[in-house]
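J.: File follows, final33.tsv with TSV, C-alpha atoms:
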```tsv
chain	number	residue	atom	x	y	z
A	408	MET	CA	10.92	1.80	-54.89
A	409	ARG	CA	10.39	-1.63	-53.27
A	410	LYS	CA	13.25	-0.93	-50.84
A	411	ILE	CA	11.72	2.41	-49.87
A	412	LEU	CA	8.30	0.80	-49.39
A	413	LEU	CA	9.77	-2.02	-47.30
A	414	ALA	CA	11.69	0.46	-45.15
A	415	GLY	CA	8.50	2.43	-44.59
A	416	ILE	CA	6.63	-0.69	-43.49
A	417	ILE	CA	9.42	-1.61	-41.06
A	418	VAL	CA	9.37	1.90	-39.54
A	419	LEU	CA	5.57	1.72	-39.22
A	420	LEU	CA	5.67	-1.69	-37.56
A	421	PHE	CA	8.38	-0.51	-35.17
A	422	SER	CA	6.44	2.60	-34.17
A	423	CYS	CA	3.28	0.55	-33.62
A	424	SER	CA	5.17	-1.87	-31.39
A	425	GLU	CA	6.59	0.87	-29.16
A	426	LYS	CA	5.44	0.36	-25.61
A	427	LYS	CA	2.91	2.89	-24.37
A	428	PRO	CA	3.72	4.56	-21.04
A	429	ALA	CA	2.07	3.06	-17.96
A	430	VAL	CA	-0.94	4.87	-16.49
A	431	THR	CA	-2.07	4.99	-12.85
A	432	LYS	CA	-5.51	6.22	-11.80
A	433	ILE	CA	-6.42	7.21	-8.25
A	434	ALA	CA	-9.98	8.22	-7.33
A	435	PHE	CA	-10.99	10.08	-4.20
A	436	GLY	CA	-13.87	11.84	-2.49
A	437	SER	CA	-15.54	12.80	0.78
A	438	CYS	CA	-18.78	13.86	2.43
A	439	GLY	CA	-21.39	11.15	1.97
A	440	TYR	CA	-24.54	10.54	3.99
A	441	GLN	CA	-24.71	6.86	4.84
A	442	ASP	CA	-28.43	6.51	4.10
A	443	GLU	CA	-28.41	8.15	0.66
A	444	PRO	CA	-27.59	6.44	-2.66
A	445	GLN	CA	-24.00	7.13	-3.73
A	446	PRO	CA	-23.89	6.65	-7.52
A	447	VAL	CA	-20.60	8.55	-7.84
A	448	LEU	CA	-18.92	5.58	-6.14
A	449	THR	CA	-20.16	3.34	-8.93
A	450	LEU	CA	-18.87	5.86	-11.49
A	451	ALA	CA	-15.50	5.90	-9.72
A	452	ALA	CA	-15.37	2.09	-9.85
A	453	GLU	CA	-15.96	2.23	-13.61
A	454	LYS	CA	-12.71	4.18	-14.00
A	455	LYS	CA	-10.82	1.14	-12.63
A	456	PRO	CA	-8.57	3.14	-10.28
A	457	ALA	CA	-5.63	1.59	-8.47
A	458	ALA	CA	-7.21	2.87	-5.25
A	459	PHE	CA	-10.04	5.03	-3.93
A	460	ILE	CA	-9.18	7.40	-1.09
A	461	PHE	CA	-11.92	8.44	1.35
A	462	LEU	CA	-10.98	11.87	2.70
A	463	GLY	CA	-13.33	12.13	5.65
A	464	ASP	CA	-16.98	12.70	6.54
A	465	ASN	CA	-17.31	9.23	5.08
A	466	ILE	CA	-20.44	8.94	7.21
A	467	TYR	CA	-22.26	11.53	9.30
A	468	GLY	CA	-21.96	10.05	12.77
A	469	ASP	CA	-22.35	13.17	14.92
A	470	THR	CA	-22.89	11.21	18.10
A	471	ASP	CA	-21.54	10.17	21.46
A	472	ASN	CA	-23.26	6.80	21.09
A	473	MET	CA	-20.85	4.27	19.63
A	474	ASP	CA	-23.68	1.86	18.74
A	475	THR	CA	-25.16	4.63	16.61
A	476	LEU	CA	-21.79	5.24	14.97
A	477	ARG	CA	-21.29	1.55	14.27
A	478	ASN	CA	-24.79	1.20	12.82
A	479	LYS	CA	-24.19	4.09	10.45
A	480	TYR	CA	-21.01	2.45	9.12
A	481	THR	CA	-22.94	-0.79	8.69
A	482	ARG	CA	-25.72	0.89	6.72
A	483	TRP	CA	-23.22	2.76	4.53
A	484	MET	CA	-21.14	-0.27	3.67
A	485	ALA	CA	-24.26	-2.30	2.86
A	486	GLN	CA	-25.10	0.12	0.04
A	487	PRO	CA	-24.78	-1.33	-3.50
A	488	ASP	CA	-22.64	1.60	-4.69
A	489	PHE	CA	-20.16	1.14	-1.87
A	490	LYS	CA	-20.04	-2.62	-2.48
A	491	ARG	CA	-19.27	-2.11	-6.18
A	492	LEU	CA	-16.36	0.17	-5.34
A	493	ASP	CA	-15.09	-2.04	-2.52
A	494	SER	CA	-15.08	-5.13	-4.77
A	495	SER	CA	-13.26	-3.36	-7.61
A	496	THR	CA	-10.28	-1.68	-5.93
A	497	GLN	CA	-8.43	-1.13	-2.66
A	498	LEU	CA	-9.78	1.50	-0.30
A	499	PHE	CA	-7.69	3.94	1.73
A	500	ALA	CA	-9.30	6.27	4.26
A	501	THR	CA	-8.85	8.98	6.82
A	502	TRP	CA	-11.54	10.82	8.75
A	503	ASP	CA	-12.85	14.31	9.31
A	504	ASP	CA	-15.15	15.66	11.99
A	505	HIS	CA	-18.49	13.98	11.26
A	506	ASP	CA	-17.11	10.44	11.16
A	507	TYR	CA	-14.66	11.26	13.96
A	508	GLY	CA	-17.59	12.10	16.22
A	509	TRP	CA	-18.96	15.64	16.26
A	510	ASN	CA	-19.11	18.60	13.91
A	511	ASP	CA	-15.80	20.56	14.03
A	512	ALA	CA	-14.54	18.42	16.95
A	513	GLY	CA	-10.86	18.24	17.87
A	514	LYS	CA	-8.73	16.63	20.55
A	515	TRP	CA	-11.26	17.06	23.33
A	516	TYR	CA	-13.82	14.71	21.80
A	517	ALA	CA	-14.36	12.22	24.63
A	518	TYR	CA	-14.96	9.13	22.49
A	519	LYS	CA	-12.11	9.44	20.00
A	520	GLU	CA	-10.43	6.17	21.04
A	521	LYS	CA	-13.66	4.19	20.70
A	522	SER	CA	-14.40	5.94	17.43
A	523	LYS	CA	-10.95	4.96	16.18
A	524	ASP	CA	-11.61	1.31	17.03
A	525	ILE	CA	-14.80	1.39	14.94
A	526	PHE	CA	-12.99	3.11	12.06
A	527	MET	CA	-10.29	0.41	12.15
A	528	GLU	CA	-12.87	-2.35	12.23
A	529	PHE	CA	-14.89	-1.17	9.25
A	530	PHE	CA	-11.90	-0.25	7.09
A	531	LYS	CA	-10.37	-3.66	7.86
A	532	GLU	CA	-7.13	-2.41	9.38
A	533	PRO	CA	-4.90	-5.45	10.09
A	534	ALA	CA	-4.57	-6.43	13.73
A	535	ASN	CA	-0.79	-5.96	13.65
A	536	SER	CA	-0.91	-2.57	11.88
A	537	GLU	CA	1.21	0.26	13.27
A	538	ARG	CA	-1.88	2.41	12.84
A	539	ARG	CA	-3.51	0.51	15.71
A	540	LYS	CA	-0.51	1.01	17.98
A	541	HIS	CA	-0.28	4.80	18.04
A	542	GLU	CA	-2.79	7.48	18.96
A	543	GLY	CA	-4.75	8.78	16.00
A	544	ILE	CA	-5.26	7.23	12.56
A	545	TYR	CA	-2.43	8.72	10.46
A	546	LYS	CA	-0.83	6.19	8.13
A	547	THR	CA	1.25	5.76	4.97
A	548	GLU	CA	0.08	3.65	2.04
A	549	TYR	CA	1.89	2.95	-1.23
A	550	ILE	CA	0.72	2.42	-4.79
A	551	LYS	CA	3.21	0.79	-7.15
A	552	GLU	CA	3.32	1.07	-10.94
A	553	GLY	CA	6.31	-0.88	-12.23
A	554	ASP	CA	9.35	0.85	-10.77
A	555	LYS	CA	7.30	3.94	-9.84
A	556	THR	CA	6.05	4.61	-6.31
A	557	ILE	CA	3.18	6.80	-5.16
A	558	GLN	CA	3.27	7.59	-1.45
A	559	VAL	CA	-0.16	8.20	0.11
A	560	LEU	CA	0.07	10.08	3.41
A	561	LEU	CA	-3.21	9.85	5.32
A	562	LEU	CA	-3.25	12.65	7.87
A	563	ASP	CA	-5.35	12.84	11.02
A	564	VAL	CA	-6.52	16.44	11.45
A	565	ARG	CA	-8.84	15.68	14.40
A	566	THR	CA	-7.25	13.62	17.17
A	567	PHE	CA	-4.58	16.16	18.15
A	568	ARG	CA	-6.15	19.43	16.98
A	569	ASN	CA	-6.78	22.35	19.30
A	570	ASP	CA	-10.23	23.89	19.27
A	571	VAL	CA	-10.87	26.44	16.58
A	572	LEU	CA	-11.29	30.08	17.63
A	573	LEU	CA	-14.78	31.49	17.26
A	574	TYR	CA	-15.17	34.55	15.09
A	575	LYS	CA	-16.80	37.36	17.04
A	576	LYS	CA	-18.77	40.23	15.61
A	577	GLY	CA	-16.38	43.09	15.05
A	578	ASP	CA	-13.31	40.91	14.47
A	579	SER	CA	-11.36	42.18	11.47
A	580	LEU	CA	-11.55	40.38	8.14
A	581	PRO	CA	-8.65	40.06	5.71
A	582	ARG	CA	-10.83	41.08	2.75
A	583	LYS	CA	-13.77	43.47	2.44
A	584	GLU	CA	-15.54	41.30	-0.14
A	585	TYR	CA	-16.94	38.85	2.43
A	586	PHE	CA	-20.62	38.15	1.72
A	587	TYR	CA	-21.05	35.76	4.67
A	588	THR	CA	-20.18	35.75	8.36
A	589	PRO	CA	-17.15	33.59	9.21
A	590	ASP	CA	-17.39	30.92	11.88
A	591	TYR	CA	-13.74	30.92	12.94
A	592	LYS	CA	-10.66	33.12	12.97
A	593	PRO	CA	-6.99	32.10	12.72
A	594	HIS	CA	-4.94	31.08	15.74
A	595	THR	CA	-2.14	33.48	16.58
A	596	SER	CA	-0.51	31.33	19.27
A	597	ALA	CA	2.30	29.12	17.99
A	598	ASP	CA	1.65	26.48	20.68
A	599	SER	CA	-1.74	25.54	19.20
A	600	THR	CA	-1.56	22.51	16.96
A	601	LEU	CA	-3.35	20.74	14.17
A	602	LEU	CA	-1.30	17.54	13.79
A	603	GLY	CA	0.40	17.15	17.15
A	604	GLU	CA	4.04	16.40	17.95
A	605	ALA	CA	4.02	12.65	17.25
A	606	GLN	CA	2.29	13.02	13.89
A	607	TRP	CA	4.69	15.79	12.84
A	608	LYS	CA	7.67	13.53	13.63
A	609	TRP	CA	6.12	10.69	11.65
A	610	LEU	CA	5.44	12.97	8.70
A	611	GLU	CA	9.01	14.28	8.64
A	612	GLU	CA	10.40	10.75	8.44
A	613	GLU	CA	7.92	9.79	5.72
A	614	LEU	CA	8.81	12.78	3.55
A	615	LYS	CA	12.45	11.70	3.64
A	616	LYS	CA	11.60	8.36	2.03
A	617	PRO	CA	11.89	7.98	-1.74
A	618	ALA	CA	8.74	8.39	-3.84
A	619	ASP	CA	7.86	9.51	-7.34
A	620	LEU	CA	4.66	11.26	-6.23
A	621	ARG	CA	3.39	12.12	-2.75
A	622	LEU	CA	-0.32	12.58	-2.04
A	623	VAL	CA	-1.00	14.23	1.31
A	624	CYS	CA	-4.60	13.44	2.24
A	625	SER	CA	-6.34	15.78	4.66
A	626	GLY	CA	-9.94	16.24	5.71
A	627	SER	CA	-9.34	20.00	5.86
A	628	GLN	CA	-8.30	22.07	2.85
A	629	PHE	CA	-4.65	23.08	2.77
A	630	SER	CA	-3.88	25.47	-0.09
A	631	ILE	CA	-6.85	27.82	0.22
A	632	GLU	CA	-6.74	31.28	1.73
A	633	TYR	CA	-8.39	31.99	5.09
A	634	ASN	CA	-12.15	31.85	4.51
A	635	GLY	CA	-13.64	31.78	8.01
A	636	TYR	CA	-14.49	28.08	7.99
A	637	GLU	CA	-12.44	25.04	8.98
A	638	ALA	CA	-9.15	24.81	7.06
A	639	TRP	CA	-5.41	24.75	7.61
A	640	ALA	CA	-5.57	28.54	7.30
A	641	ASN	CA	-7.09	28.62	10.81
A	642	PHE	CA	-3.69	27.35	12.00
A	643	PRO	CA	-1.38	29.52	9.89
A	644	HIS	CA	1.74	28.53	11.87
A	645	GLU	CA	0.93	24.84	11.19
A	646	GLN	CA	0.36	25.57	7.51
A	647	LYS	CA	3.71	27.36	7.42
A	648	LYS	CA	5.32	24.46	9.30
A	649	MET	CA	4.13	22.07	6.59
A	650	LEU	CA	5.63	24.22	3.85
A	651	GLU	CA	8.92	24.53	5.73
A	652	LEU	CA	8.99	20.76	6.31
A	653	ILE	CA	8.63	20.10	2.60
A	654	LYS	CA	11.53	22.50	2.01
A	655	SER	CA	13.79	21.06	4.71
A	656	THR	CA	13.24	17.45	3.64
A	657	LYS	CA	13.58	18.37	-0.06
A	658	ALA	CA	10.48	16.28	-0.69
A	659	ASN	CA	9.60	16.52	-4.37
A	660	SER	CA	6.19	16.08	-5.96
A	661	VAL	CA	3.91	16.81	-2.98
A	662	MET	CA	0.23	17.35	-3.74
A	663	PHE	CA	-2.76	17.60	-1.41
A	664	LEU	CA	-6.10	15.82	-1.70
A	665	THR	CA	-8.75	17.34	0.58
A	666	GLY	CA	-12.47	17.35	1.40
A	667	ASP	CA	-14.94	18.87	3.87
A	668	VAL	CA	-16.55	21.81	2.06
A	669	HIS	CA	-19.28	20.12	-0.05
A	670	TYR	CA	-17.99	21.36	-3.40
A	671	ALA	CA	-14.96	20.77	-5.60
A	672	GLU	CA	-12.09	23.03	-6.60
A	673	ILE	CA	-8.37	23.09	-7.29
A	674	SER	CA	-6.22	25.54	-5.34
A	675	ARG	CA	-2.59	26.45	-5.87
A	676	LEU	CA	-0.46	27.87	-3.08
A	677	GLU	CA	2.69	29.78	-4.00
A	678	GLU	CA	5.50	29.85	-1.44
A	679	PRO	CA	8.99	31.38	-1.86
A	680	GLY	CA	11.65	28.71	-2.26
A	681	LEU	CA	9.11	26.00	-3.01
A	682	TYR	CA	7.29	24.65	-6.04
A	683	PRO	CA	3.51	25.30	-6.24
A	684	ILE	CA	1.44	23.23	-3.82
A	685	TYR	CA	-1.68	21.98	-5.59
A	686	ASP	CA	-4.72	21.02	-3.55
A	687	VAL	CA	-7.53	19.09	-5.23
A	688	THR	CA	-10.71	19.24	-3.16
A	689	ALA	CA	-13.35	16.59	-3.86
A	690	SER	CA	-16.18	16.98	-1.38
A	691	GLY	CA	-19.61	15.91	-2.39
A	692	ILE	CA	-20.30	12.18	-2.67
A	693	THR	CA	-23.83	13.08	-1.55
A	694	SER	CA	-23.42	16.48	0.13
A	695	THR	CA	-23.88	19.87	-1.51
A	696	TRP	CA	-23.54	23.49	-0.40
A	697	ASP	CA	-25.21	26.75	-1.41
A	698	PHE	CA	-22.06	28.72	-2.20
A	699	ALA	CA	-18.30	28.52	-2.51
A	700	THR	CA	-16.28	30.70	-0.17
A	701	LEU	CA	-13.73	33.29	-1.19
A	702	ASN	CA	-10.46	31.69	-2.26
A	703	LYS	CA	-7.89	33.74	-4.14
A	704	ASN	CA	-5.85	30.54	-4.62
A	705	ARG	CA	-8.62	28.82	-6.57
A	706	ILE	CA	-7.55	28.05	-10.15
A	707	GLU	CA	-10.40	25.68	-11.13
A	708	GLY	CA	-13.98	25.30	-9.95
A	709	PRO	CA	-16.08	25.39	-7.95
A	710	VAL	CA	-18.24	22.40	-8.84
A	711	MET	CA	-21.39	22.35	-6.73
A	712	ASP	CA	-22.90	19.06	-7.99
A	713	ASN	CA	-22.12	15.67	-6.44
A	714	HIS	CA	-18.82	14.35	-7.75
A	715	PHE	CA	-15.59	12.46	-7.17
A	716	GLY	CA	-11.97	13.35	-7.91
A	717	LEU	CA	-9.62	11.49	-10.22
A	718	LEU	CA	-5.87	11.69	-10.70
A	719	THR	CA	-4.44	10.12	-13.85
A	720	ILE	CA	-0.66	9.79	-13.93
A	721	THR	CA	0.93	8.91	-17.26
A	722	TRP	CA	4.45	7.70	-16.58
A	723	GLU	CA	6.29	9.38	-19.43
A	724	LYS	CA	9.86	10.66	-19.17
A	725	ASP	CA	8.39	13.70	-17.45
A	726	PRO	CA	5.24	12.16	-15.95
A	727	VAL	CA	1.96	13.90	-16.72
A	728	ILE	CA	-0.50	14.41	-13.84
A	729	ARG	CA	-4.11	15.11	-14.81
A	730	MET	CA	-6.46	16.30	-12.07
A	731	GLU	CA	-10.17	15.82	-12.74
A	732	VAL	CA	-13.49	16.32	-11.02
A	733	ILE	CA	-16.24	14.13	-12.48
A	734	ASP	CA	-19.85	14.84	-11.57
A	735	LYS	CA	-22.74	12.45	-11.02
A	736	TYR	CA	-23.77	12.88	-14.67
A	737	ARG	CA	-20.37	11.53	-15.85
A	738	ASN	CA	-19.25	15.00	-16.94
A	739	SER	CA	-15.60	15.96	-16.44
A	740	ARG	CA	-16.22	19.37	-14.87
A	741	ILE	CA	-12.60	20.15	-14.05
A	742	GLU	CA	-9.55	19.00	-15.93
A	743	TYR	CA	-6.15	20.49	-15.10
A	744	THR	CA	-2.83	19.01	-16.17
A	745	ILE	CA	0.72	19.51	-14.94
A	746	THR	CA	3.98	17.64	-15.37
A	747	LYS	CA	5.95	16.19	-12.50
A	748	SER	CA	8.84	18.57	-13.18
A	749	GLN	CA	6.52	21.48	-12.28
A	750	ILE	CA	6.28	20.25	-8.68
A	751	GLU	CA	9.95	19.57	-8.04
A	752	PHE	CA	12.77	21.60	-6.55
A	753	LYS	CA	14.88	23.20	-9.27
```
Mind converting the file's structure to structure tokens?
T.:
Amino acid sequence: MRKILLAGIIVLLFSCSEKKPAVTKIAFGSCGYQDEPQPVLTLAAEKKPAAFIFLGDNIYGDTDNMDTLRNKYTRWMAQPDFKRLDSSTQLFATWDDHDYGWNDAGKWYAYKEKSKDIFMEFFKEPANSERRKHEGIYKTEYIKEGDKTIQVLLLDVRTFRNDVLLYKKGDSLPRKEYFYTPDYKPHTSADSTLLGEAQWKWLEEELKKPADLRLVCSGSQFSIEYNGYEAWANFPHEQKKMLELIKSTKANSVMFLTGDVHYAEISRLEEPGLYPIYDVTASGITSTWDFATLNKNRIEGPVMDNHFGLLTITWEKDPVIRMEVIDKYRNSRIEYTITKSQIEFK
């Protein structure tokens, strides 16, 4: 009996001493007015993420006056909530239209180079950074967890983008259920672009590099259906090009983090010959919207309250990826879990 008891104690002690798998947390969000309190940034800091990713509309500049733009960054970054986040973790960022310059602006925005300089200044981009040497603000960042690598691909969906096409009364809609009037319709010309030639070449080379998880960060939503507002679906040939690039490079474990729309949701895009492309939209640091658009690819949400997004990766044999949206009341409003093997080529 003593031998059995001793053996049981040894087994118990061994099981208790087994090392727990490492965990990586990454928080993200978009769409915050610089003069409003931003308590969700404090809540994000409390989660102790390895990084916070700003996905665009980080301020609402909407100006041709660069002093105005600079002053808005200054007021935003002086906020206590921003300071708490900035002092607790590293910040990664890309932009969308309102912090780029003007609502829905693309490559013809006259002050994009000066706006870039201000962006670089406030997000403390090193003087010798490659990001400062090329046009646009696209960049790769990495988050390490032991021998695991998360590749963060910060896209620029403004600097090189053609103008969107205005929807005109009488233009056909893909679905009869529309309860609102669209702003834009999809491009049909293959020579219109969203990312531009140089950024596409950069992205192809990045997707060939080894990584355990790849987070493609875009101001515009990727995996949603056409909804009449700004999204990758307005450039369907560019959306298709992205999917084909993932296939041709055999890049495993690609997910999208997106903003812009002033609510949260998770979308899943199914493509023949490719694993599902998940898109977690976190858009509402301070902004809100009255309704969520049609989206047949939506699998979770929408969440209309202010919020931030959180990825939690548990590095088990088959890593577990939990996608969350946490609102300003600390409620986890969306929680959706997949394993890494579900977003890999078979």
J.: Record the distance separating CA of Leu718 (chain A) and CA of Ile692 (chain A), expressed in Å with one decimal.
T.: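 Taking CA of Leu718 (chain A) and CA of Ile692 (chain A), their separation equals 16.5 Å.
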J.: Just give me the gap between CA of Asn465 (chain A) and CA of Asn478 (chain A) in Å, one decimal is fine.
T.: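 Pair CA of Asn465 (chain A) / CA of Asn478 (chain A) returns 13.4 Å.
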J.: Neighbours of Ala500 (chain A) within 8 Å (only C-alpha atoms; same-chain residues fewer than 4 positions away dropped), as number ranges by chain?
T.: A: 460-463, 530, 561
J.: Between A:Leu650, A:Ala451, A:Ile728, A:Ile466, which is the closest to Asp488 (chain A) once you count all atoms listed in the file?
T.: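 The answer is A:Ala451, which sits nearest to Asp488 (chain A).
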J.: Might you pull out every residue within 6 Å of region 680-686 of chain A, with only C-alpha atoms counted and same-chain residues fewer than 4 positions away left off, and present them as a ChimeraX atom specification?
T.: /A:630,662-664,673-676,750
J.: Within 9 Å of (-10.4, 15.5, -14.5) (coordinates as in the file), grab all the protein and nucleic acid residues, counting all atoms listed in the file, and write them out as an MDAnalysis selection string.
T.: chainID A and resid 716:719 729:733 739:744
J.: Convert the current residue selection to file output with C-alpha atoms, as a CSV table (one decimal), keeping the file's coordinate frame.
T.:
```
chain,number,residue,atom,x,y,z
A,716,GLY,CA,-12.0,13.4,-7.9
A,717,LEU,CA,-9.6,11.5,-10.2
A,718,LEU,CA,-5.9,11.7,-10.7
A,719,THR,CA,-4.4,10.1,-13.8
A,729,ARG,CA,-4.1,15.1,-14.8
A,730,MET,CA,-6.5,16.3,-12.1
A,731,GLU,CA,-10.2,15.8,-12.7
A,732,VAL,CA,-13.5,16.3,-11.0
A,733,ILE,CA,-16.2,14.1,-12.5
A,739,SER,CA,-15.6,16.0,-16.4
A,740,ARG,CA,-16.2,19.4,-14.9
A,741,ILE,CA,-12.6,20.2,-14.0
A,742,GLU,CA,-9.6,19.0,-15.9
A,743,TYR,CA,-6.2,20.5,-15.1
A,744,THR,CA,-2.8,19.0,-16.2
```
J.: For Arg565 (chain A), which residue out of A:Asp493, A:Asp598, A:Glu552, A:Asp464 is the nearest one, using all atoms listed in the file?
T.: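 For Arg565 (chain A), the nearest of the given residues is A:Asp464.
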J.: For CA of Tyr480 (chain A) and CA of Asn510 (chain A), quote the distance in Å rounded to one decimal.
T.: 17.0 Å
J.: Check the smallest atom-to-atom distance from each of A:Asn569, A:Leu476, A:Met649, A:Ser596 to Asp524 (chain A) using all atoms listed in the file, then report the winner.
T.: A:Leu476
J.: Which residues are near region 514-519 of chain A? Cut-off 8 Å, all atoms listed in the file, ignore same chain within fewer than 2 positions. Put them as a list in words.
T.: Asp471, Tyr507, Gly508, Trp509, Ala512, Lys521, Ser522, Lys523, Arg565, Thr566, Phe567, Arg568, Asn569 and Asp570 of chain A
J.: For Leu580 (chain A), please output as a PyMOL selection string all residues within 12 Å (counting only C-alpha atoms; exclusion window: fewer than 6 positions along the same chain).
T.: chain A and resi 574+586-593+633-635+701
J.: Need the shell around region 655-659 of chain A: protein/DNA/RNA residues with any atom at most 8 Å away, counting only C-alpha atoms. Skip same-chain ones fewer than 2 positions apart. Format as a list in words?
T.: Glu611, Leu614, Lys615, Asp619, Leu620, Arg621, Glu651, Leu652, Ile653, Val661, Ile750, Glu751 and Phe752 of chain A
J.: Okay, now the selection with C-alpha atoms, as a compact mmCIF listing (two decimals), in the frame of the given file?
T.:
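Final output, again-v4.txt:
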```txt
# COMPACT_ATOMS: atom_id res chain seq x y z
CA GLU A 611 9.01 14.28 8.64
CA LEU A 614 8.81 12.78 3.55
CA LYS A 615 12.45 11.70 3.64
CA ASP A 619 7.86 9.51 -7.34
CA LEU A 620 4.66 11.26 -6.23
CA ARG A 621 3.39 12.12 -2.75
CA GLU A 651 8.92 24.53 5.73
CA LEU A 652 8.99 20.76 6.31
CA ILE A 653 8.63 20.10 2.60
CA VAL A 661 3.91 16.81 -2.98
CA ILE A 750 6.28 20.25 -8.68
CA GLU A 751 9.95 19.57 -8.04
CA PHE A 752 12.77 21.60 -6.55
```
J.: Name the residues, using the chain letters and numbers of the file, that sit within 9 Å of (-22.6, 11.7, 1.4) when counting only C-alpha atoms, and give them as a ChimeraX atom specification.
T.: /A:437-445,464-467,690-695,713
